[in-house]
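A short write-up of the structure that comes next.
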Protein chains: 2
Amino acid sequence: MKSFRIPEATITRLSFYSRFLVRLDRRGIVTVSSGEIAEGVGVSPAQVRKDLAYFGEFGTRGIGYNVKDLMHYTMKILNLNQSWPLALAGAGNLGTFLCTYRNFRDRGFIITGVFDNDLTKIGKKIEDLTVQPLEDMPGVIKQSGINVGLVAVPSRAAQEVVDLMIKSGIKAILNFASVAVSVPDGVKLRNVDMSVALEVLTFRLASRKAARGN
Amino acid sequence: MKSFRIPEATITRLSFYSRFLVRLDRRGIVTVSSGEIAEGVGVSPAQVRKDLAYFGEFGTRGIGYNVKDLMHYTMKILNLNQSWPLALAGAGNLGTFLCTYRNFRDRGFIITGVFDNDLTKIGKKIEDLTVQPLEDMPGVIKQSGINVGLVAVPSRAAQEVVDLMIKSGIKAILNFASVAVSVPDGVKLRNVDMSVALEVLTFRLASRKAARGN
């Protein structure tokens with residue numbers, strides 16, 4: 001069942017390379033070196049070359065990469081040459097924020113349905129979406145052929161919502177709840193924990209202080 | 001100025017190891033092997049050993065690691081053997097969510113002040129915090145000795161808020177706005193882009209389909 005295994009970190013960096021290439025392309029830049037990509041996203045040039053080598057031969061020695069070609073190619077690898085409809089469970093503060101989140105839309109992720117079981121939230125308009133009852137979620141997921149779900153409900157409700165999504169045909173879940181949820185084999189899961197990013201910062205602050213000797 | 005450079009991915013994994021160890025410790029488990037840590041967080045045992053080797057010698061061959069010792073040590077490396085007061089700019093949907101975010105509090109990150117310049121938000125209570133005017137932020141940061149800031153304002157206001165935080169003495173910033181901001185040398189910055197996590201999922205979905213040949 002497992003396909004060839006590209007390291008998670010490589011895919012994450014590919015996502016950053018692709019964003020950087022989009023910005024270069026918008027500015028009309030035609031070619032770029034691995035050194036420039038590396039500097040733009042904060043990794044080493046060798047890392048850029050190694051990451052891209054997973055996916056084939058790119059670039060011309062001494063000239064670099066064609067921005068548009070590499071941009072299209074990275075988007076294709078990430079499967080972003082299409083838009084992705086998303087089902088969102090949870091219309092609280094986080095869910096409402098996600099409905100307006102520009103970074104999703106810029107990359108082709110379109111929240112197509114937002115669901116909650118809180119009667120004070122059902123019927124509420126968020127941008128051009130209307131919050132629907134959670135019990136309508138399976139029907140919408142099936143009808144719209146949605147494969148990806150976002151879980152932005154309170155921790156106590158997370159597993160139940162995940163189970164309902166999977167029963168409805170969801171194949172990949174991004175979980176924002178502060179709790180571990182389980183999914184069966186064949187369903188992809190990622191947990192978003194914003195405190196991880198904070199810990200990288202506090203580590204860096206600590207090593208800075210250590211380097212200064214205070 | 002630069003201290004010894006541990007790869008970002010290593011620190012991120014260390015943060016996951018440390019969470020896993022906290023869970024083991026709560027369950028009363030005394031020793032753990034690198035294989036068990038690896039399985040718990042989804043990396044290879046060799047990776048666990050390599051990451052921990054950055055920080056010294058741990059564990060006993062054939063016995064494994066003492067959970068409590070390794071937990072305390074990883075927390076110490078991440079500088080989490082203290083709590084961290086945070087200043088939060090932005091009391092919209094995302095800011096309100098962050099004030100209630102359990103993963104922050106569980107790891108010792110305490111939002112100490114929340115600031116906005118929207119008159120309809122100033123004075124509002126979020127949990128036990130009251131939204132304060134943005135102009136009061138510098139005073140609170142200095143008085144409370146806050147080093148870390150969270151930016152959860154609309155994109156157009158992000159750079160201005162970052163500048164104000166830095167002027168007030170903030171040394172590390174976690175930026176949630178969908179826009180690149182710049183900071184001077186010596187200030188640490190991380191941007192949270194939730195679409196990156198989604199792209200890892202869509203990549204995995206795509207390779208799964210490729211492996212099945214449809």
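Identifiers in this document derive from the order of the structure tokens: chains are assigned A, B, ..., residues are numbered from 1 separately in each chain, and ligands are numbered from 1 in order of occurrence.
For Asn103 of chain A, the list of residues within 8 Å, based on only C-alpha atoms and with local chain neighbours fewer than 5 positions off taken out, reads Ser178, Asp193, Met194 and Ser195 of chain B.
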(request) Write out as a ChimeraX atom specification all residues of segment 62-113 of chain A that backbone DSSP assigns to strand (DSSP E or B). (result) /A:64-66,84-89,109-113
Those same residues, written as a compact mmCIF listing (two decimals), in the first residue's frame with N, CA, C and O atoms?
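Written file, part.txt:
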# COMPACT_ATOMS: atom_id res chain seq x y z
N GLY A 64 20.96 27.70 -14.23
CA GLY A 64 19.98 27.60 -13.14
C GLY A 64 18.68 27.02 -13.63
O GLY A 64 18.63 26.30 -14.63
N TYR A 65 17.63 27.34 -12.90
CA TYR A 65 16.32 26.78 -13.18
C TYR A 65 15.45 27.81 -13.88
O TYR A 65 15.52 29.00 -13.58
N ASN A 66 14.60 27.35 -14.78
CA ASN A 66 13.58 28.21 -15.34
C ASN A 66 12.46 28.34 -14.28
O ASN A 66 11.90 27.33 -13.84
N TRP A 84 -8.65 22.26 -4.38
CA TRP A 84 -9.09 21.23 -3.44
C TRP A 84 -10.26 21.75 -2.62
O TRP A 84 -10.08 22.67 -1.81
N PRO A 85 -11.43 21.16 -2.78
CA PRO A 85 -12.53 21.54 -1.89
C PRO A 85 -12.30 20.91 -0.51
O PRO A 85 -11.81 19.79 -0.41
N LEU A 86 -12.61 21.66 0.53
CA LEU A 86 -12.40 21.18 1.90
C LEU A 86 -13.72 21.20 2.66
O LEU A 86 -14.55 22.10 2.45
N ALA A 87 -13.88 20.25 3.57
CA ALA A 87 -14.99 20.29 4.53
C ALA A 87 -14.41 20.72 5.87
O ALA A 87 -13.39 20.19 6.30
N LEU A 88 -15.04 21.71 6.49
CA LEU A 88 -14.56 22.21 7.78
C LEU A 88 -15.58 21.91 8.86
O LEU A 88 -16.75 22.30 8.75
N ALA A 89 -15.14 21.19 9.90
CA ALA A 89 -16.02 20.96 11.05
C ALA A 89 -15.59 21.91 12.16
O ALA A 89 -14.43 21.90 12.58
N PHE A 109 -6.93 25.86 -1.92
CA PHE A 109 -7.74 25.13 -0.94
C PHE A 109 -9.00 25.95 -0.65
O PHE A 109 -8.92 27.07 -0.13
N ILE A 110 -10.14 25.40 -1.03
CA ILE A 110 -11.40 26.14 -0.95
C ILE A 110 -12.33 25.45 0.04
O ILE A 110 -12.77 24.31 -0.20
N ILE A 111 -12.62 26.12 1.14
CA ILE A 111 -13.58 25.56 2.09
C ILE A 111 -14.96 25.62 1.45
O ILE A 111 -15.45 26.69 1.11
N THR A 112 -15.55 24.44 1.27
CA THR A 112 -16.77 24.32 0.49
C THR A 112 -17.98 24.14 1.40
O THR A 112 -19.10 24.47 1.04
N GLY A 113 -17.72 23.60 2.58
CA GLY A 113 -18.81 23.44 3.53
C GLY A 113 -18.27 23.61 4.94
O GLY A 113 -17.19 23.13 5.25
Chain A in the frame of chain B after Cα least-squares fit, as a PDB file with C-alpha atoms, in the first residue's frame:
ATOM      1  CA  MET A   1      26.566  36.182  16.856  1.00  0.00           C
ATOM      2  CA  LYS A   2      25.346  32.808  15.553  1.00  0.00           C
ATOM      3  CA  SER A   3      25.454  30.016  18.091  1.00  0.00           C
ATOM      4  CA  PHE A   4      26.036  26.378  17.108  1.00  0.00           C
ATOM      5  CA  ARG A   5      23.466  25.479  14.515  1.00  0.00           C
ATOM      6  CA  ILE A   6      21.122  22.605  15.282  1.00  0.00           C
ATOM      7  CA  PRO A   7      18.901  21.858  12.258  1.00  0.00           C
ATOM      8  CA  GLU A   8      15.399  23.254  12.563  1.00  0.00           C
ATOM      9  CA  ALA A   9      13.963  19.810  11.801  1.00  0.00           C
ATOM     10  CA  THR A  10      15.868  18.342  14.758  1.00  0.00           C
ATOM     11  CA  ILE A  11      14.418  20.927  17.125  1.00  0.00           C
ATOM     12  CA  THR A  12      10.935  20.305  15.768  1.00  0.00           C
ATOM     13  CA  ARG A  13      11.350  16.575  16.340  1.00  0.00           C
ATOM     14  CA  LEU A  14      12.777  17.221  19.813  1.00  0.00           C
ATOM     15  CA  SER A  15       9.553  19.056  20.538  1.00  0.00           C
ATOM     16  CA  PHE A  16       7.583  15.952  19.467  1.00  0.00           C
ATOM     17  CA  TYR A  17       9.845  13.592  21.465  1.00  0.00           C
ATOM     18  CA  SER A  18       9.339  15.726  24.515  1.00  0.00           C
ATOM     19  CA  ARG A  19       5.523  15.621  24.146  1.00  0.00           C
ATOM     20  CA  PHE A  20       5.652  11.849  23.749  1.00  0.00           C
ATOM     21  CA  LEU A  21       7.833  11.502  26.869  1.00  0.00           C
ATOM     22  CA  VAL A  22       5.406  13.659  28.857  1.00  0.00           C
ATOM     23  CA  ARG A  23       2.589  11.281  27.866  1.00  0.00           C
ATOM     24  CA  LEU A  24       4.662   8.207  28.827  1.00  0.00           C
ATOM     25  CA  ASP A  25       5.592   9.777  32.159  1.00  0.00           C
ATOM     26  CA  ARG A  26       1.916  10.534  32.923  1.00  0.00           C
ATOM     27  CA  ARG A  27       1.175   6.861  32.344  1.00  0.00           C
ATOM     28  CA  GLY A  28       3.926   5.912  34.834  1.00  0.00           C
ATOM     29  CA  ILE A  29       6.281   4.378  32.265  1.00  0.00           C
ATOM     30  CA  VAL A  30       9.896   4.371  33.491  1.00  0.00           C
ATOM     31  CA  THR A  31      12.070   3.386  30.516  1.00  0.00           C
ATOM     32  CA  VAL A  32      11.686   3.669  26.771  1.00  0.00           C
ATOM     33  CA  SER A  33      13.763   2.556  23.757  1.00  0.00           C
ATOM     34  CA  SER A  34      14.647   4.720  20.766  1.00  0.00           C
ATOM     35  CA  GLY A  35      12.457   2.329  18.749  1.00  0.00           C
ATOM     36  CA  GLU A  36       9.454   3.094  20.926  1.00  0.00           C
ATOM     37  CA  ILE A  37      10.044   6.839  20.746  1.00  0.00           C
ATOM     38  CA  ALA A  38      10.451   6.517  16.980  1.00  0.00           C
ATOM     39  CA  GLU A  39       7.170   4.641  16.637  1.00  0.00           C
ATOM     40  CA  GLY A  40       5.396   7.063  18.960  1.00  0.00           C
ATOM     41  CA  VAL A  41       6.271  10.091  16.870  1.00  0.00           C
ATOM     42  CA  GLY A  42       6.533   8.498  13.412  1.00  0.00           C
ATOM     43  CA  VAL A  43      10.248   8.684  12.585  1.00  0.00           C
ATOM     44  CA  SER A  44      13.039   6.074  12.352  1.00  0.00           C
ATOM     45  CA  PRO A  45      14.919   4.850  15.468  1.00  0.00           C
ATOM     46  CA  ALA A  46      18.203   5.973  13.837  1.00  0.00           C
ATOM     47  CA  GLN A  47      16.734   9.476  13.509  1.00  0.00           C
ATOM     48  CA  VAL A  48      15.859   9.566  17.214  1.00  0.00           C
ATOM     49  CA  ARG A  49      19.401   8.505  18.191  1.00  0.00           C
ATOM     50  CA  LYS A  50      20.965  10.981  15.772  1.00  0.00           C
ATOM     51  CA  ASP A  51      18.791  13.864  17.008  1.00  0.00           C
ATOM     52  CA  LEU A  52      19.509  13.160  20.673  1.00  0.00           C
ATOM     53  CA  ALA A  53      23.237  12.803  19.941  1.00  0.00           C
ATOM     54  CA  TYR A  54      23.370  16.533  19.176  1.00  0.00           C
ATOM     55  CA  PHE A  55      22.803  17.199  22.835  1.00  0.00           C
ATOM     56  CA  GLY A  56      24.940  14.579  24.562  1.00  0.00           C
ATOM     57  CA  GLU A  57      24.971  10.955  25.663  1.00  0.00           C
ATOM     58  CA  PHE A  58      21.656   9.520  26.750  1.00  0.00           C
ATOM     59  CA  GLY A  59      20.385   6.073  27.543  1.00  0.00           C
ATOM     60  CA  THR A  60      21.982   2.740  28.347  1.00  0.00           C
ATOM     61  CA  ARG A  61      22.592   0.122  25.664  1.00  0.00           C
ATOM     62  CA  GLY A  62      20.077  -2.708  26.036  1.00  0.00           C
ATOM     63  CA  ILE A  63      17.961  -0.814  28.582  1.00  0.00           C
ATOM     64  CA  GLY A  64      16.989   2.374  26.804  1.00  0.00           C
ATOM     65  CA  TYR A  65      16.268   5.800  28.163  1.00  0.00           C
ATOM     66  CA  ASN A  66      14.924   6.786  31.549  1.00  0.00           C
ATOM     67  CA  VAL A  67      11.637   8.521  30.654  1.00  0.00           C
ATOM     68  CA  LYS A  68      11.707  11.131  33.410  1.00  0.00           C
ATOM     69  CA  ASP A  69      15.367  12.052  32.843  1.00  0.00           C
ATOM     70  CA  LEU A  70      15.008  12.326  29.078  1.00  0.00           C
ATOM     71  CA  MET A  71      11.752  14.249  29.428  1.00  0.00           C
ATOM     72  CA  HIS A  72      13.352  16.772  31.774  1.00  0.00           C
ATOM     73  CA  TYR A  73      16.386  16.991  29.541  1.00  0.00           C
ATOM     74  CA  THR A  74      14.392  17.629  26.356  1.00  0.00           C
ATOM     75  CA  MET A  75      12.313  20.256  28.168  1.00  0.00           C
ATOM     76  CA  LYS A  76      15.524  21.901  29.358  1.00  0.00           C
ATOM     77  CA  ILE A  77      17.005  21.934  25.845  1.00  0.00           C
ATOM     78  CA  LEU A  78      13.817  23.570  24.556  1.00  0.00           C
ATOM     79  CA  ASN A  79      14.049  26.053  27.407  1.00  0.00           C
ATOM     80  CA  LEU A  80      10.666  24.918  28.715  1.00  0.00           C
ATOM     81  CA  ASN A  81      11.731  24.409  32.318  1.00  0.00           C
ATOM     82  CA  GLN A  82      10.226  27.847  32.826  1.00  0.00           C
ATOM     83  CA  SER A  83       6.992  29.390  31.680  1.00  0.00           C
ATOM     84  CA  TRP A  84       6.998  31.971  28.880  1.00  0.00           C
ATOM     85  CA  PRO A  85       4.776  35.025  29.025  1.00  0.00           C
ATOM     86  CA  LEU A  86       3.540  36.047  25.575  1.00  0.00           C
ATOM     87  CA  ALA A  87       2.183  39.286  24.134  1.00  0.00           C
ATOM     88  CA  LEU A  88      -0.582  38.760  21.582  1.00  0.00           C
ATOM     89  CA  ALA A  89      -1.466  41.414  19.018  1.00  0.00           C
ATOM     90  CA  GLY A  90      -4.896  40.848  17.474  1.00  0.00           C
ATOM     91  CA  ALA A  91      -8.123  39.945  19.254  1.00  0.00           C
ATOM     92  CA  GLY A  92     -10.058  38.748  16.200  1.00  0.00           C
ATOM     93  CA  ASN A  93     -11.118  35.166  15.598  1.00  0.00           C
ATOM     94  CA  LEU A  94      -7.575  33.775  15.535  1.00  0.00           C
ATOM     95  CA  GLY A  95      -6.419  35.842  18.528  1.00  0.00           C
ATOM     96  CA  THR A  96      -9.456  34.799  20.550  1.00  0.00           C
ATOM     97  CA  PHE A  97      -8.768  31.171  19.678  1.00  0.00           C
ATOM     98  CA  LEU A  98      -5.108  31.483  20.721  1.00  0.00           C
ATOM     99  CA  CYS A  99      -6.125  32.871  24.130  1.00  0.00           C
ATOM    100  CA  THR A 100      -7.948  29.606  24.806  1.00  0.00           C
ATOM    101  CA  TYR A 101      -5.418  27.317  23.101  1.00  0.00           C
ATOM    102  CA  ARG A 102      -4.644  24.457  25.449  1.00  0.00           C
ATOM    103  CA  ASN A 103      -1.461  23.360  23.658  1.00  0.00           C
ATOM    104  CA  PHE A 104       0.165  26.685  24.541  1.00  0.00           C
ATOM    105  CA  ARG A 105      -0.668  26.481  28.218  1.00  0.00           C
ATOM    106  CA  ASP A 106       0.303  22.803  28.455  1.00  0.00           C
ATOM    107  CA  ARG A 107       3.819  23.725  27.346  1.00  0.00           C
ATOM    108  CA  GLY A 108       4.144  26.761  29.599  1.00  0.00           C
ATOM    109  CA  PHE A 109       3.261  29.487  27.084  1.00  0.00           C
ATOM    110  CA  ILE A 110       1.029  31.981  28.863  1.00  0.00           C
ATOM    111  CA  ILE A 111      -0.597  34.825  26.970  1.00  0.00           C
ATOM    112  CA  THR A 112      -0.143  37.690  29.399  1.00  0.00           C
ATOM    113  CA  GLY A 113      -1.466  40.574  27.370  1.00  0.00           C
ATOM    114  CA  VAL A 114      -3.788  40.804  24.336  1.00  0.00           C
ATOM    115  CA  PHE A 115      -3.887  43.998  22.298  1.00  0.00           C
ATOM    116  CA  ASP A 116      -5.955  45.418  19.463  1.00  0.00           C
ATOM    117  CA  ASN A 117      -6.654  48.834  17.997  1.00  0.00           C
ATOM    118  CA  ASP A 118     -10.284  48.017  17.151  1.00  0.00           C
ATOM    119  CA  LEU A 119     -12.495  49.999  19.522  1.00  0.00           C
ATOM    120  CA  THR A 120     -15.200  47.314  19.399  1.00  0.00           C
ATOM    121  CA  LYS A 121     -12.676  44.782  20.742  1.00  0.00           C
ATOM    122  CA  ILE A 122     -10.872  46.847  23.378  1.00  0.00           C
ATOM    123  CA  GLY A 123     -12.257  46.052  26.824  1.00  0.00           C
ATOM    124  CA  LYS A 124     -13.677  42.694  25.718  1.00  0.00           C
ATOM    125  CA  LYS A 125     -12.962  39.778  28.075  1.00  0.00           C
ATOM    126  CA  ILE A 126     -11.359  36.631  26.627  1.00  0.00           C
ATOM    127  CA  GLU A 127     -11.008  34.020  29.353  1.00  0.00           C
ATOM    128  CA  ASP A 128      -9.336  35.974  32.162  1.00  0.00           C
ATOM    129  CA  LEU A 129      -7.741  38.550  29.859  1.00  0.00           C
ATOM    130  CA  THR A 130      -9.085  41.940  28.851  1.00  0.00           C
ATOM    131  CA  VAL A 131      -8.268  43.251  25.384  1.00  0.00           C
ATOM    132  CA  GLN A 132      -6.089  46.361  25.763  1.00  0.00           C
ATOM    133  CA  PRO A 133      -5.399  49.161  23.292  1.00  0.00           C
ATOM    134  CA  LEU A 134      -2.404  48.483  21.053  1.00  0.00           C
ATOM    135  CA  GLU A 135      -0.758  51.672  22.315  1.00  0.00           C
ATOM    136  CA  ASP A 136      -0.503  50.079  25.772  1.00  0.00           C
ATOM    137  CA  MET A 137       1.460  47.118  24.395  1.00  0.00           C
ATOM    138  CA  PRO A 138       4.988  48.580  24.728  1.00  0.00           C
ATOM    139  CA  GLY A 139       4.442  49.415  28.403  1.00  0.00           C
ATOM    140  CA  VAL A 140       3.079  45.960  29.245  1.00  0.00           C
ATOM    141  CA  ILE A 141       5.875  44.188  27.331  1.00  0.00           C
ATOM    142  CA  LYS A 142       8.550  46.165  29.176  1.00  0.00           C
ATOM    143  CA  GLN A 143       6.908  45.927  32.573  1.00  0.00           C
ATOM    144  CA  SER A 144       6.267  42.173  32.348  1.00  0.00           C
ATOM    145  CA  GLY A 145       9.622  41.396  30.702  1.00  0.00           C
ATOM    146  CA  ILE A 146       7.907  39.649  27.790  1.00  0.00           C
ATOM    147  CA  ASN A 147      10.332  38.348  25.133  1.00  0.00           C
ATOM    148  CA  VAL A 148       7.967  36.581  22.753  1.00  0.00           C
ATOM    149  CA  GLY A 149       5.163  38.072  20.655  1.00  0.00           C
ATOM    150  CA  LEU A 150       2.333  36.536  18.654  1.00  0.00           C
ATOM    151  CA  VAL A 151       1.058  38.441  15.623  1.00  0.00           C
ATOM    152  CA  ALA A 152      -2.563  37.630  14.767  1.00  0.00           C
ATOM    153  CA  VAL A 153      -3.584  40.863  13.059  1.00  0.00           C
ATOM    154  CA  PRO A 154      -4.747  41.376   9.444  1.00  0.00           C
ATOM    155  CA  SER A 155      -1.931  41.253   6.867  1.00  0.00           C
ATOM    156  CA  ARG A 156      -1.986  45.005   6.234  1.00  0.00           C
ATOM    157  CA  ALA A 157      -1.202  45.714   9.894  1.00  0.00           C
ATOM    158  CA  ALA A 158       1.370  42.963  10.459  1.00  0.00           C
ATOM    159  CA  GLN A 159       4.626  44.823   9.763  1.00  0.00           C
ATOM    160  CA  GLU A 160       3.589  47.823  11.850  1.00  0.00           C
ATOM    161  CA  VAL A 161       2.739  45.573  14.804  1.00  0.00           C
ATOM    162  CA  VAL A 162       6.020  43.652  14.391  1.00  0.00           C
ATOM    163  CA  ASP A 163       7.972  46.925  14.425  1.00  0.00           C
ATOM    164  CA  LEU A 164       6.142  48.070  17.551  1.00  0.00           C
ATOM    165  CA  MET A 165       6.855  44.761  19.300  1.00  0.00           C
ATOM    166  CA  ILE A 166      10.562  44.959  18.471  1.00  0.00           C
ATOM    167  CA  LYS A 167      10.774  48.556  19.654  1.00  0.00           C
ATOM    168  CA  SER A 168       9.195  47.371  22.907  1.00  0.00           C
ATOM    169  CA  GLY A 169      11.881  44.718  23.447  1.00  0.00           C
ATOM    170  CA  ILE A 170      10.369  41.565  21.934  1.00  0.00           C
ATOM    171  CA  LYS A 171      13.122  39.132  20.867  1.00  0.00           C
ATOM    172  CA  ALA A 172      11.103  36.423  19.097  1.00  0.00           C
ATOM    173  CA  ILE A 173       7.944  36.627  16.999  1.00  0.00           C
ATOM    174  CA  LEU A 174       5.494  34.036  15.777  1.00  0.00           C
ATOM    175  CA  ASN A 175       3.659  35.567  12.820  1.00  0.00           C
ATOM    176  CA  PHE A 176       0.270  34.153  11.814  1.00  0.00           C
ATOM    177  CA  ALA A 177      -0.502  36.842   9.233  1.00  0.00           C
ATOM    178  CA  SER A 178      -0.586  35.735   5.578  1.00  0.00           C
ATOM    179  CA  VAL A 179       2.214  38.108   4.673  1.00  0.00           C
ATOM    180  CA  ALA A 180       5.997  38.167   4.941  1.00  0.00           C
ATOM    181  CA  VAL A 181       7.291  40.533   7.615  1.00  0.00           C
ATOM    182  CA  SER A 182      10.873  41.544   8.238  1.00  0.00           C
ATOM    183  CA  VAL A 183      12.780  41.763  11.494  1.00  0.00           C
ATOM    184  CA  PRO A 184      16.246  43.107  12.266  1.00  0.00           C
ATOM    185  CA  ASP A 185      19.231  40.834  13.004  1.00  0.00           C
ATOM    186  CA  GLY A 186      19.024  39.374  16.461  1.00  0.00           C
ATOM    187  CA  VAL A 187      15.243  39.004  16.477  1.00  0.00           C
ATOM    188  CA  LYS A 188      13.932  35.506  15.789  1.00  0.00           C
ATOM    189  CA  LEU A 189      10.948  35.121  13.504  1.00  0.00           C
ATOM    190  CA  ARG A 190       8.777  32.214  12.467  1.00  0.00           C
ATOM    191  CA  ASN A 191       5.820  32.406  10.139  1.00  0.00           C
ATOM    192  CA  VAL A 192       2.938  30.023  10.676  1.00  0.00           C
ATOM    193  CA  ASP A 193       1.415  29.010   7.366  1.00  0.00           C
ATOM    194  CA  MET A 194      -1.274  26.409   7.864  1.00  0.00           C
ATOM    195  CA  SER A 195      -1.471  25.678   4.158  1.00  0.00           C
ATOM    196  CA  VAL A 196       1.959  23.977   4.299  1.00  0.00           C
ATOM    197  CA  ALA A 197       0.495  21.194   6.431  1.00  0.00           C
ATOM    198  CA  LEU A 198      -2.367  20.832   3.944  1.00  0.00           C
ATOM    199  CA  GLU A 199       0.088  20.497   1.072  1.00  0.00           C
ATOM    200  CA  VAL A 200       1.862  17.593   2.739  1.00  0.00           C
ATOM    201  CA  LEU A 201      -1.561  15.915   2.877  1.00  0.00           C
ATOM    202  CA  THR A 202      -2.432  16.598  -0.762  1.00  0.00           C
ATOM    203  CA  PHE A 203       1.007  15.328  -1.791  1.00  0.00           C
ATOM    204  CA  ARG A 204       0.386  12.101   0.128  1.00  0.00           C
ATOM    205  CA  LEU A 205      -3.079  11.742  -1.415  1.00  0.00           C
ATOM    206  CA  ALA A 206      -1.584  12.218  -4.875  1.00  0.00           C
ATOM    207  CA  SER A 207       1.178   9.643  -4.359  1.00  0.00           C
ATOM    208  CA  ARG A 208      -1.382   7.182  -3.012  1.00  0.00           C
ATOM    209  CA  LYS A 209      -3.473   7.564  -6.144  1.00  0.00           C
ATOM    210  CA  ALA A 210      -0.332   7.220  -8.322  1.00  0.00           C
ATOM    211  CA  ALA A 211       0.608   4.018  -6.480  1.00  0.00           C
ATOM    212  CA  ARG A 212      -2.852   2.591  -7.150  1.00  0.00           C
ATOM    213  CA  GLY A 213      -2.608   3.637 -10.765  1.00  0.00           C
ATOM    214  CA  ASN A 214      -5.682   5.847 -10.925  1.00  0.00           C
TER     215      ASN A 214
END
